[in-house]
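Enquirer: Contents are JSON, C-alpha atoms and all ligand atoms; file name my_file.json:
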```json
[["chain", "number", "residue", "atom", "x", "y", "z"],
["M", 659, "MET", "CA", -74.90, 93.79, 60.78],
["M", 660, "THR", "CA", -72.17, 96.01, 62.17],
["M", 661, "GLN", "CA", -72.51, 99.70, 62.94],
["M", 662, "VAL", "CA", -69.83, 102.27, 63.52],
["M", 663, "LEU", "CA", -70.74, 103.93, 66.81],
["M", 664, "ARG", "CA", -69.19, 106.70, 68.85],
["M", 665, "LEU", "CA", -67.82, 106.05, 72.32],
["M", 666, "THR", "CA", -69.61, 108.74, 74.33],
["M", 667, "GLN", "CA", -68.86, 107.77, 77.93],
["M", 668, "LYS", "CA", -66.07, 105.94, 79.69],
["M", 669, "GLN", "CA", -66.33, 105.61, 83.44],
["M", 670, "PRO", "CA", -64.41, 103.39, 85.91],
["M", 671, "VAL", "CA", -66.88, 101.51, 88.13],
["M", 672, "SER", "CA", -64.37, 99.46, 90.16],
["M", 673, "PRO", "CA", -60.56, 99.20, 90.25],
["M", 674, "ARG", "CA", -60.62, 96.78, 87.27],
["M", 675, "ILE", "CA", -63.97, 97.40, 85.56],
["M", 676, "THR", "CA", -64.90, 100.32, 83.31],
["M", 677, "ARG", "CA", -68.29, 101.13, 81.82],
["M", 678, "PHE", "CA", -68.44, 102.23, 78.16],
["M", 679, "ARG", "CA", -71.39, 103.81, 76.35],
["M", 680, "PHE", "CA", -71.76, 103.88, 72.56],
["M", 681, "GLU", "CA", -74.20, 105.98, 70.55],
["M", 682, "HIS", "CA", -74.95, 106.52, 66.88],
["M", 683, "PRO", "CA", -72.85, 109.48, 65.65],
["M", 684, "GLU", "CA", -75.96, 111.14, 64.16],
["M", 685, "GLY", "CA", -78.15, 110.34, 67.14],
["M", 686, "ARG", "CA", -80.13, 107.62, 65.35],
["M", 687, "SER", "CA", -81.90, 104.87, 67.28],
["M", 688, "LEU", "CA", -80.10, 101.56, 67.68],
["M", 689, "PRO", "CA", -81.86, 98.19, 67.41],
["M", 690, "VAL", "CA", -83.37, 97.09, 70.71],
["M", 691, "PHE", "CA", -82.36, 93.69, 72.07],
["M", 692, "SER", "CA", -83.34, 91.15, 74.71],
["M", 693, "GLY", "CA", -81.83, 90.75, 78.18],
["M", 694, "GLY", "CA", -78.60, 88.75, 78.21],
["M", 695, "ALA", "CA", -77.55, 89.79, 74.69],
["M", 696, "HIS", "CA", -73.97, 90.65, 73.79],
["M", 697, "VAL", "CA", -72.29, 92.72, 71.08],
["M", 698, "MET", "CA", -69.03, 92.09, 69.27],
["M", 699, "VAL", "CA", -66.64, 95.04, 69.57],
["M", 700, "THR", "CA", -64.02, 95.30, 66.83],
["M", 701, "MET", "CA", -60.80, 97.00, 67.87],
["M", 702, "ARG", "CA", -58.03, 98.00, 65.53],
["M", 703, "ASP", "CA", -54.84, 98.39, 67.53],
["M", 704, "GLY", "CA", -52.14, 99.26, 65.00],
["M", 705, "GLU", "CA", -51.77, 96.20, 62.76],
["M", 706, "VAL", "CA", -53.75, 93.99, 65.12],
["M", 707, "LEU", "CA", -57.49, 93.51, 64.70],
["M", 708, "ARG", "CA", -59.36, 92.11, 67.70],
["M", 709, "ARG", "CA", -63.00, 91.24, 68.14],
["M", 710, "ASN", "CA", -64.30, 90.64, 71.65],
["M", 711, "ALA", "CA", -67.85, 89.90, 72.80],
["M", 712, "TYR", "CA", -69.23, 91.93, 75.70],
["M", 713, "SER", "CA", -72.62, 91.63, 77.39],
["M", 714, "LEU", "CA", -74.90, 94.62, 77.08],
["M", 715, "ILE", "CA", -75.74, 96.06, 80.50],
["M", 716, "SER", "CA", -78.18, 98.80, 79.45],
["M", 717, "ASP", "CA", -81.97, 98.61, 79.24],
["M", 718, "PRO", "CA", -82.85, 96.37, 76.24],
["M", 719, "GLN", "CA", -85.68, 98.77, 75.30],
["M", 720, "ASP", "CA", -83.43, 101.86, 75.34],
["M", 721, "SER", "CA", -82.46, 102.49, 71.73],
["M", 722, "SER", "CA", -80.44, 105.65, 72.50],
["M", 723, "GLY", "CA", -77.19, 103.76, 73.15],
["M", 724, "TYR", "CA", -75.48, 100.52, 74.12],
["M", 725, "GLU", "CA", -73.52, 100.10, 77.35],
["M", 726, "ILE", "CA", -70.97, 97.45, 78.27],
["M", 727, "ALA", "CA", -68.75, 96.93, 81.33],
["M", 728, "VAL", "CA", -65.28, 95.55, 80.68],
["M", 729, "GLN", "CA", -62.86, 94.05, 83.16],
["M", 730, "ARG", "CA", -59.18, 94.65, 82.48],
["M", 731, "GLU", "CA", -57.49, 91.30, 81.84],
["M", 732, "ASP", "CA", -53.75, 91.89, 82.21],
["M", 733, "GLN", "CA", -52.96, 88.32, 81.10],
["M", 734, "GLY", "CA", -55.35, 88.52, 78.14],
["M", 735, "ARG", "CA", -54.62, 89.18, 74.47],
["M", 736, "GLY", "CA", -55.02, 92.93, 74.73],
["M", 737, "GLY", "CA", -58.69, 93.67, 73.87],
["M", 738, "SER", "CA", -59.69, 94.76, 77.36],
["M", 739, "ASN", "CA", -56.44, 96.69, 77.80],
["M", 740, "PHE", "CA", -57.07, 98.46, 74.48],
["M", 741, "LEU", "CA", -60.50, 99.60, 75.72],
["M", 742, "HIS", "CA", -59.16, 100.62, 79.13],
["M", 743, "GLU", "CA", -56.07, 102.43, 77.90],
["M", 744, "LYS", "CA", -56.56, 103.56, 74.31],
["M", 745, "ALA", "CA", -60.30, 103.97, 73.75],
["M", 746, "GLN", "CA", -61.36, 107.53, 74.58],
["M", 747, "PRO", "CA", -64.72, 109.35, 74.27],
["M", 748, "GLY", "CA", -65.19, 110.47, 70.68],
["M", 749, "MET", "CA", -63.51, 107.37, 69.22],
["M", 750, "MET", "CA", -65.51, 105.47, 66.56],
["M", 751, "LEU", "CA", -65.70, 101.70, 66.94],
["M", 752, "GLN", "CA", -67.39, 98.92, 65.00],
["M", 753, "ILE", "CA", -70.10, 97.36, 67.16],
["M", 754, "GLY", "CA", -71.94, 94.28, 65.91],
["M", 755, "ALA", "CA", -75.70, 93.81, 66.16],
["M", 756, "PRO", "CA", -76.83, 92.37, 69.52],
["M", 757, "VAL", "CA", -76.90, 88.57, 69.65],
["M", 758, "ASN", "CA", -78.46, 86.65, 72.51],
["M", 759, "LEU", "CA", -77.21, 83.22, 73.55],
["M", 760, "PHE", "CA", -78.22, 83.75, 77.18],
["M", 761, "GLY", "CA", -81.85, 84.86, 77.03],
["M", 762, "LEU", "CA", -84.41, 84.47, 79.79],
["M", 763, "ASN", "CA", -86.88, 81.62, 79.51],
["M", 764, "LEU", "CA", -90.11, 83.57, 79.73],
["M", 765, "THR", "CA", -92.13, 80.50, 80.76],
["M", 766, "ALA", "CA", -90.07, 80.20, 83.97],
["M", 767, "ARG", "CA", -91.98, 80.53, 87.24],
["M", 768, "LYS", "CA", -88.96, 82.26, 88.78],
["M", 769, "HIS", "CA", -85.50, 83.32, 87.56],
["M", 770, "LEU", "CA", -82.57, 82.36, 89.80],
["M", 771, "MET", "CA", -79.43, 84.28, 88.74],
["M", 772, "ILE", "CA", -75.96, 83.46, 90.02],
["M", 773, "ALA", "CA", -73.02, 85.65, 89.02],
["M", 774, "GLY", "CA", -69.33, 85.57, 89.79],
["M", 775, "GLY", "CA", -67.51, 88.95, 89.63],
["M", 776, "VAL", "CA", -67.84, 90.60, 86.23],
["M", 777, "GLY", "CA", -70.26, 87.76, 85.35],
["M", 778, "ILE", "CA", -72.92, 90.14, 86.71],
["M", 779, "THR", "CA", -72.98, 91.96, 83.35],
["M", 780, "PRO", "CA", -75.55, 89.91, 81.33],
["M", 781, "PHE", "CA", -77.91, 89.96, 84.31],
["M", 782, "LEU", "CA", -78.01, 93.77, 84.32],
["M", 783, "SER", "CA", -79.92, 93.87, 81.03],
["M", 784, "GLN", "CA", -82.01, 90.82, 82.03],
["M", 785, "LEU", "CA", -83.05, 92.61, 85.22],
["M", 786, "HIS", "CA", -84.72, 95.37, 83.19],
["M", 787, "GLU", "CA", -86.78, 92.65, 81.55],
["M", 788, "VAL", "CA", -87.80, 90.79, 84.71],
["M", 789, "VAL", "CA", -88.76, 94.05, 86.42],
["M", 790, "ARG", "CA", -90.82, 95.08, 83.38],
["M", 791, "LEU", "CA", -92.55, 91.68, 83.34],
["M", 792, "HIS", "CA", -93.02, 91.64, 87.15],
["M", 793, "ALA", "CA", -91.34, 88.21, 87.05],
["M", 794, "PRO", "CA", -90.01, 86.83, 90.37],
["M", 795, "PHE", "CA", -86.22, 86.68, 90.51],
["M", 796, "GLU", "CA", -83.39, 86.04, 92.95],
["M", 797, "LEU", "CA", -79.89, 87.33, 92.23],
["M", 798, "HIS", "CA", -76.70, 86.20, 93.94],
["M", 799, "LEU", "CA", -73.35, 87.85, 93.23],
["M", 800, "ALA", "CA", -70.11, 86.31, 94.50],
["M", 801, "ILE", "CA", -67.06, 88.60, 94.76],
["M", 802, "ARG", "CA", -63.70, 88.23, 96.48],
["M", 803, "SER", "CA", -63.56, 91.59, 98.25],
["M", 804, "ARG", "CA", -65.92, 94.51, 98.78],
["M", 805, "ASN", "CA", -63.87, 96.84, 96.52],
["M", 806, "GLU", "CA", -64.60, 94.50, 93.57],
["M", 807, "LEU", "CA", -68.29, 95.44, 93.76],
["M", 808, "PRO", "CA", -68.82, 97.51, 90.60],
["M", 809, "ALA", "CA", -70.78, 100.77, 90.79],
["M", 810, "LEU", "CA", -73.40, 99.49, 88.37],
["M", 811, "ALA", "CA", -77.18, 99.23, 88.65],
["M", 812, "ILE", "CA", -77.17, 96.19, 90.94],
["M", 813, "PRO", "CA", -80.58, 96.02, 92.64],
["M", 814, "ASP", "CA", -80.85, 96.32, 96.43],
["M", 815, "ALA", "CA", -82.52, 92.92, 96.44],
["M", 816, "ALA", "CA", -79.32, 91.26, 95.17],
["M", 817, "GLN", "CA", -77.55, 89.06, 97.70],
["M", 818, "VAL", "CA", -73.84, 89.87, 97.59],
["M", 819, "HIS", "CA", -71.45, 87.21, 98.93],
["M", 820, "VAL", "CA", -67.97, 88.54, 99.77],
["M", 821, "SER", "CA", -65.47, 85.75, 100.36],
["M", 822, "ASP", "CA", -62.95, 88.01, 102.19],
["M", 823, "GLU", "CA", -65.70, 88.73, 104.72],
["M", 824, "GLY", "CA", -66.52, 85.04, 105.09],
["M", 825, "SER", "CA", -70.00, 85.40, 103.53],
["M", 826, "ARG", "CA", -69.66, 82.59, 100.99],
["M", 827, "MET", "CA", -72.65, 81.50, 98.95],
["M", 828, "ASN", "CA", -74.46, 78.43, 100.32],
["M", 829, "LEU", "CA", -75.13, 76.90, 96.94],
["M", 830, "THR", "CA", -76.83, 73.75, 98.21],
["M", 831, "GLU", "CA", -79.31, 75.78, 100.22],
["M", 832, "ILE", "CA", -79.98, 78.23, 97.37],
["M", 833, "LEU", "CA", -80.52, 75.48, 94.81],
["M", 834, "SER", "CA", -82.62, 73.22, 97.02],
["M", 835, "THR", "CA", -85.15, 75.85, 98.14],
["M", 836, "GLN", "CA", -86.50, 77.07, 94.79],
["M", 837, "PRO", "CA", -90.09, 76.59, 93.62],
["M", 838, "LEU", "CA", -90.74, 74.04, 90.90],
["M", 839, "GLY", "CA", -90.47, 75.71, 87.47],
["M", 840, "THR", "CA", -87.53, 77.96, 88.43],
["M", 841, "HIS", "CA", -84.86, 78.47, 85.77],
["M", 842, "LEU", "CA", -81.22, 78.85, 86.81],
["M", 843, "TYR", "CA", -78.82, 81.22, 85.01],
["M", 844, "VAL", "CA", -75.14, 81.31, 85.89],
["M", 845, "CYS", "CA", -72.36, 83.50, 84.52],
["M", 846, "GLY", "CA", -68.79, 83.65, 85.78],
["M", 847, "SER", "CA", -65.57, 81.70, 85.54],
["M", 848, "ALA", "CA", -65.54, 78.22, 83.96],
["M", 849, "ARG", "CA", -64.86, 76.72, 87.40],
["M", 850, "MET", "CA", -67.77, 78.50, 88.99],
["M", 851, "ILE", "CA", -70.17, 77.59, 86.20],
["M", 852, "GLU", "CA", -69.17, 73.94, 86.38],
["M", 853, "GLY", "CA", -69.55, 73.91, 90.17],
["M", 854, "VAL", "CA", -73.04, 75.44, 90.06],
["M", 855, "LEU", "CA", -74.30, 73.24, 87.22],
["M", 856, "THR", "CA", -72.87, 70.07, 88.78],
["M", 857, "GLU", "CA", -74.57, 70.86, 92.09],
["M", 858, "ALA", "CA", -77.87, 71.68, 90.34],
["M", 859, "SER", "CA", -77.77, 68.41, 88.38],
["M", 860, "ALA", "CA", -76.97, 66.45, 91.54],
["M", 861, "LEU", "CA", -80.02, 68.03, 93.20],
["M", 862, "GLY", "CA", -82.22, 66.92, 90.29],
["M", 863, "TRP", "CA", -82.69, 70.18, 88.37],
["M", 864, "PRO", "CA", -83.93, 69.42, 84.83],
["M", 865, "LYS", "CA", -81.32, 70.09, 82.15],
["M", 866, "ASP", "CA", -83.54, 72.50, 80.20],
["M", 867, "ALA", "CA", -83.86, 74.75, 83.27],
["M", 868, "LEU", "CA", -80.09, 75.32, 83.39],
["M", 869, "HIS", "CA", -78.48, 78.20, 81.48],
["M", 870, "SER", "CA", -74.90, 79.36, 81.59],
["M", 871, "GLU", "CA", -72.62, 81.81, 79.88],
["M", 872, "GLU", "CA", -68.87, 82.09, 80.04],
["M", 873, "PHE", "CA", -67.76, 84.73, 77.63],
["M", 874, "LEU", "CA", -64.03, 84.76, 77.65],
["M", 875, "ALA", "CA", -61.85, 86.22, 74.97],
["M", 876, "PRO", "CA", -59.55, 83.50, 73.63],
["M", 877, "ALA", "CA", -56.48, 83.02, 75.78],
["M", 878, "PRO", "CA", -53.03, 83.79, 74.40],
["M", 879, "GLY", "CA", -50.73, 80.81, 73.84],
["M", 880, "VAL", "CA", -47.76, 79.44, 71.96],
["M", 881, "PRO", "CA", -47.63, 80.37, 68.23],
["M", 882, "PHE", "CA", -48.42, 77.46, 65.87],
["M", 883, "GLU", "CA", -48.73, 76.67, 62.18],
["M", 884, "VAL", "CA", -51.86, 75.44, 60.50],
["M", 885, "ASN", "CA", -52.36, 74.09, 57.02],
["M", 886, "CYS", "CA", -55.68, 75.09, 55.42],
["M", 887, "ALA", "CA", -56.32, 72.34, 52.87],
["M", 888, "ARG", "CA", -59.19, 73.89, 50.89],
["M", 889, "SER", "CA", -57.50, 77.28, 50.55],
["M", 890, "ASP", "CA", -54.08, 75.72, 50.03],
["M", 891, "LYS", "CA", -52.48, 78.10, 52.55],
["M", 892, "THR", "CA", -50.23, 77.60, 55.55],
["M", 893, "LEU", "CA", -50.64, 80.19, 58.31],
["M", 894, "THR", "CA", -48.80, 81.04, 61.47],
["M", 895, "VAL", "CA", -51.11, 81.81, 64.39],
["M", 896, "GLY", "CA", -49.42, 84.34, 66.67],
["M", 897, "ALA", "CA", -49.23, 84.11, 70.45],
["M", 898, "HIS", "CA", -51.86, 86.84, 70.90],
["M", 899, "GLN", "CA", -54.00, 85.86, 67.93],
["M", 900, "SER", "CA", -56.77, 83.26, 67.72],
["M", 901, "LEU", "CA", -56.90, 80.72, 64.90],
["M", 902, "LEU", "CA", -60.09, 82.45, 63.73],
["M", 903, "GLU", "CA", -58.31, 85.82, 63.57],
["M", 904, "ALA", "CA", -55.43, 84.24, 61.62],
["M", 905, "LEU", "CA", -57.92, 82.75, 59.12],
["M", 906, "GLU", "CA", -59.62, 86.14, 58.71],
["M", 907, "ALA", "CA", -56.29, 87.92, 58.26],
["M", 908, "ALA", "CA", -55.49, 85.46, 55.46],
["M", 909, "GLY", "CA", -58.85, 86.11, 53.77],
["M", 910, "ILE", "CA", -60.19, 82.61, 54.54],
["M", 911, "ASP", "CA", -63.92, 82.86, 55.09],
["M", 912, "THR", "CA", -64.98, 81.32, 58.42],
["M", 913, "PRO", "CA", -68.45, 81.81, 59.93],
["M", 914, "TRP", "CA", -68.71, 83.04, 63.52],
["M", 915, "LEU", "CA", -71.26, 84.42, 65.92],
["M", 916, "CYS", "CA", -70.06, 84.41, 69.54],
["M", 917, "ARG", "CA", -66.26, 84.19, 69.19],
["M", 918, "GLY", "CA", -66.37, 82.62, 72.64],
["M", 919, "GLY", "CA", -66.66, 78.88, 71.96],
["M", 920, "ALA", "CA", -70.38, 78.76, 72.66],
["M", 921, "CYS", "CA", -72.42, 79.01, 69.44],
["M", 922, "GLY", "CA", -70.93, 76.33, 67.17],
["M", 923, "GLN", "CA", -70.75, 78.57, 64.09],
["M", 924, "CYS", "CA", -67.00, 78.27, 63.53],
["M", 925, "GLU", "CA", -66.81, 74.46, 63.91],
["M", 926, "THR", "CA", -64.08, 73.18, 61.61],
["M", 927, "ASP", "CA", -63.05, 69.65, 60.63],
["M", 928, "ILE", "CA", -59.53, 68.46, 61.39],
["M", 929, "LEU", "CA", -58.01, 66.57, 58.46],
["M", 930, "ALA", "CA", -54.63, 65.71, 60.00],
["M", 931, "CYS", "CA", -53.17, 66.27, 63.44],
["M", 932, "ASP", "CA", -49.74, 65.37, 64.73],
["M", 933, "GLY", "CA", -49.86, 67.06, 68.13],
["M", 934, "GLU", "CA", -52.40, 68.16, 70.70],
["M", 935, "ILE", "CA", -55.48, 70.34, 70.27],
["M", 936, "GLU", "CA", -56.11, 72.65, 73.23],
["M", 937, "HIS", "CA", -59.91, 72.70, 73.25],
["M", 938, "HIS", "CA", -61.32, 75.73, 75.12],
["M", 939, "ASP", "CA", -64.90, 75.70, 73.80],
["M", 940, "HIS", "CA", -68.22, 74.71, 75.35],
["M", 941, "TRP", "CA", -69.56, 73.34, 72.10],
["M", 942, "LEU", "CA", -67.85, 70.11, 71.09],
["M", 943, "ASP", "CA", -68.64, 66.79, 72.65],
["M", 944, "PRO", "CA", -65.46, 65.12, 73.99],
["M", 945, "ALA", "CA", -66.05, 62.37, 71.39],
["M", 946, "GLU", "CA", -65.51, 65.03, 68.67],
["M", 947, "HIS", "CA", -62.21, 66.31, 70.07],
["M", 948, "CYS", "CA", -60.12, 64.26, 67.63],
["M", 949, "SER", "CA", -62.04, 65.36, 64.55],
["M", 950, "LYS", "CA", -63.08, 69.01, 65.09],
["M", 951, "ILE", "CA", -61.73, 72.32, 66.36],
["M", 952, "MET", "CA", -63.41, 75.64, 67.24],
["M", 953, "PRO", "CA", -61.01, 78.25, 65.79],
["M", 954, "CYS", "CA", -62.43, 81.14, 67.86],
["M", 955, "VAL", "CA", -60.98, 79.84, 71.14],
["M", 956, "SER", "CA", -58.98, 76.64, 70.63],
["M", 957, "ARG", "CA", -55.28, 76.27, 69.83],
["M", 958, "PHE", "CA", -52.77, 73.61, 68.77],
["M", 959, "ARG", "CA", -49.41, 72.42, 70.03],
["M", 960, "GLY", "CA", -47.41, 70.06, 67.88],
["M", 961, "ALA", "CA", -45.85, 69.35, 64.51],
["M", 962, "LEU", "CA", -48.75, 69.41, 62.05],
["M", 963, "LEU", "CA", -52.39, 70.54, 61.98],
["M", 964, "THR", "CA", -54.41, 70.44, 58.77],
["M", 965, "ILE", "CA", -57.96, 71.78, 58.79],
["M", 966, "ASP", "CA", -60.79, 71.85, 56.28],
["M", 967, "ARG", "CA", -60.74, 75.58, 55.49],
["E", 1, "LIG", "S1", -67.80, 81.60, 66.88],
["E", 1, "LIG", "FE1", -69.13, 80.71, 68.31],
["E", 1, "LIG", "S2", -68.12, 78.85, 68.79],
["E", 1, "LIG", "FE2", -66.71, 79.88, 67.54]]
```
Let me see the structure of the file written as structure tokens.

Expert:
Amino acid sequence: MTQVLRLTQKQPVSPRITRFRFEHPEGRSLPVFSGGAHVMVTMRDGEVLRRNAYSLISDPQDSSGYEIAVQREDQGRGGSNFLHEKAQPGMMLQIGAPVNLFGLNLTARKHLMIAGGVGITPFLSQLHEVVRLHAPFELHLAIRSRNELPALAIPDAAQVHVSDEGSRMNLTEILSTQPLGTHLYVCGSARMIEGVLTEASALGWPKDALHSEEFLAPAPGVPFEVNCARSDKTLTVGAHQSLLEALEAAGIDTPWLCRGGACGQCETDILACDGEIEHHDHWLDPAEHCSKIMPCVSRFRGALLTIDR
């Protein structure tokens, strides 16, 4: 379900991060959600249609509006720049229903949250939940410099690690001093997530207590052609377009949910490939890399790609 909502507030909260608030144009209540949920924001920028997922940072029980915080990505495909530069209060935007792929495990004895930079965003809605439930939590936020700390509702209890000030996170100590039954949640860059999860696994954390979210808009790349066998169409995927967006523009129905390589909905079979698939998802097993592609984030370089769409 997608709703057309009005942008009612736009407020810079750090040099690169801006907070946006959306409300129903007639003041109606919006569906409540659970902590860690995201919404898909559809942006029409001239001829280009972009859909980016952003974590909700507002109170999940507050149905009066949805809030997101967006970091400007100058090397990105333009979605964050569109919001920073072109979106103004009063503008109407399509906002998808909240979807949660990063929910809290409510049976956890304690919630250990580790965020890198703008990766703090999904925790802001989760924190409303843990406070409401009186659930024990520990939050660590790693940033490069003090001026990157966004003016958002980060609790006083959060431990902020500023690398420019030499206060780096001691991951081994943090991970090895948690009570049994703690669940770990990590959100940040792919490198940070991998580092935290690798360390946790090495220290014996059970796999089902580990949760991560890396919500990146698909990276731009070199344009490529793709042959869609079932639709009998050949498409050109532009440098700033994802394969999924090219399929949609051509009217080829492709399911999706996260548009960030995490949910598996857009999984597509490869029928022929003379070149190299650039896999950017967190879904496929390496053993599937020759036979499947996730069109929301992955690209192709080479002479021929034929997919089952
Ligand atoms: S839409 Fe979720 S993995 Fe592609």

Enquirer: For Ile801 in chain M, work out the shell of residues within 6 Å, counting all atoms listed in the file and skipping chain neighbours fewer than 2 positions away, then give it as a short mmCIF file (atom, residue, chain, number, x, y, z; two decimals) with C-alpha atoms, in the coordinates of the input.

Expert:
```
data_model
loop_
_atom_site.label_atom_id
_atom_site.label_comp_id
_atom_site.auth_asym_id
_atom_site.auth_seq_id
_atom_site.Cartn_x
_atom_site.Cartn_y
_atom_site.Cartn_z
CA GLY M 775 -67.51 88.95 89.63
CA SER M 803 -63.56 91.59 98.25
CA VAL M 820 -67.97 88.54 99.77
#
```

Enquirer: Let me make sure I understand: among M:Pro813, M:Gly774, M:Pro673, M:Pro718, which one has the smallest atom-to-atom distance to Ser692 in chain M if we use all atoms listed in the file?

Expert: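 Counting all atoms listed in the file, the residue closest to Ser692 in chain M is M:Pro718.
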
Enquirer: Have a look at M:Val776, M:Val955, M:Leu962, M:Leu829 and name the one nearest to ligand LIG 1 (chain E); count only C-alpha atoms and all ligand atoms.

Expert: M:Val955

Enquirer: Expressed in Å to a single decimal, how great is the separation between CA of Leu663 in chain M and CA of Pro876 in chain M?

Expert: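 Spanning CA of Leu663 in chain M to CA of Pro876 in chain M is a straight-line distance of 24.3 Å.
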
Enquirer: Using only C-alpha atoms and all ligand atoms, which residue out of M:Asp927, M:Asp966, M:Glu743, M:Asp939 lies closest to ligand LIG 1 (chain E)?

Expert: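 Using only C-alpha atoms and all ligand atoms, ligand LIG 1 (chain E) sits closest to M:Asp939.
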
Enquirer: Excluding Leu782 in chain M and residues on its chain fewer than 4 positions from it, collect all residues at most 8 Å away from it, counting all atoms listed in the file, and give them as a list in words.

Expert: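 With the cut-off at 8 Å, the set is Gly693, Gly694, Leu714, Ile715, Ser716, Ile778, His786, Ala811 and Ile812 of chain M.
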
Enquirer: One decimal, Å: what's the distance from CA of Leu893 in chain M over to CA of Phe740 in chain M, could you say?

Expert: 25.2 Å

Enquirer: Choose the residue, out of M:Leu902, M:Met771, M:Val884, M:Met850, that has the smallest atom-to-atom separation from Leu833 in chain M; count all atoms listed in the file.

Expert: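 So, comparing all the options, the nearest one is M:Met771.
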
Enquirer: Within 8 Å of Arg674 in chain M, counting all atoms listed in the file, which residues show up once you throw out same-chain ones fewer than 5 positions away? Write them as a PyMOL selection string, please.

Expert: chain M and resi 729-730+806

Enquirer: For Thr660 in chain M, find every residue with an atom within 12 Å (counting all atoms listed in the file), except residues of its own chain fewer than 2 positions away, and show them as a ChimeraX atom specification.

Expert: /M:662-663,682,688-689,697-700,709,751-757

Enquirer: Show me which residues sit within 12 Å of ligand LIG 1 (chain E) when counting all atoms listed in the file, and put them as a ChimeraX atom specification.

Expert: /M:698,709-711,757-759,872-876,900-903,912-926,937-942,950-956
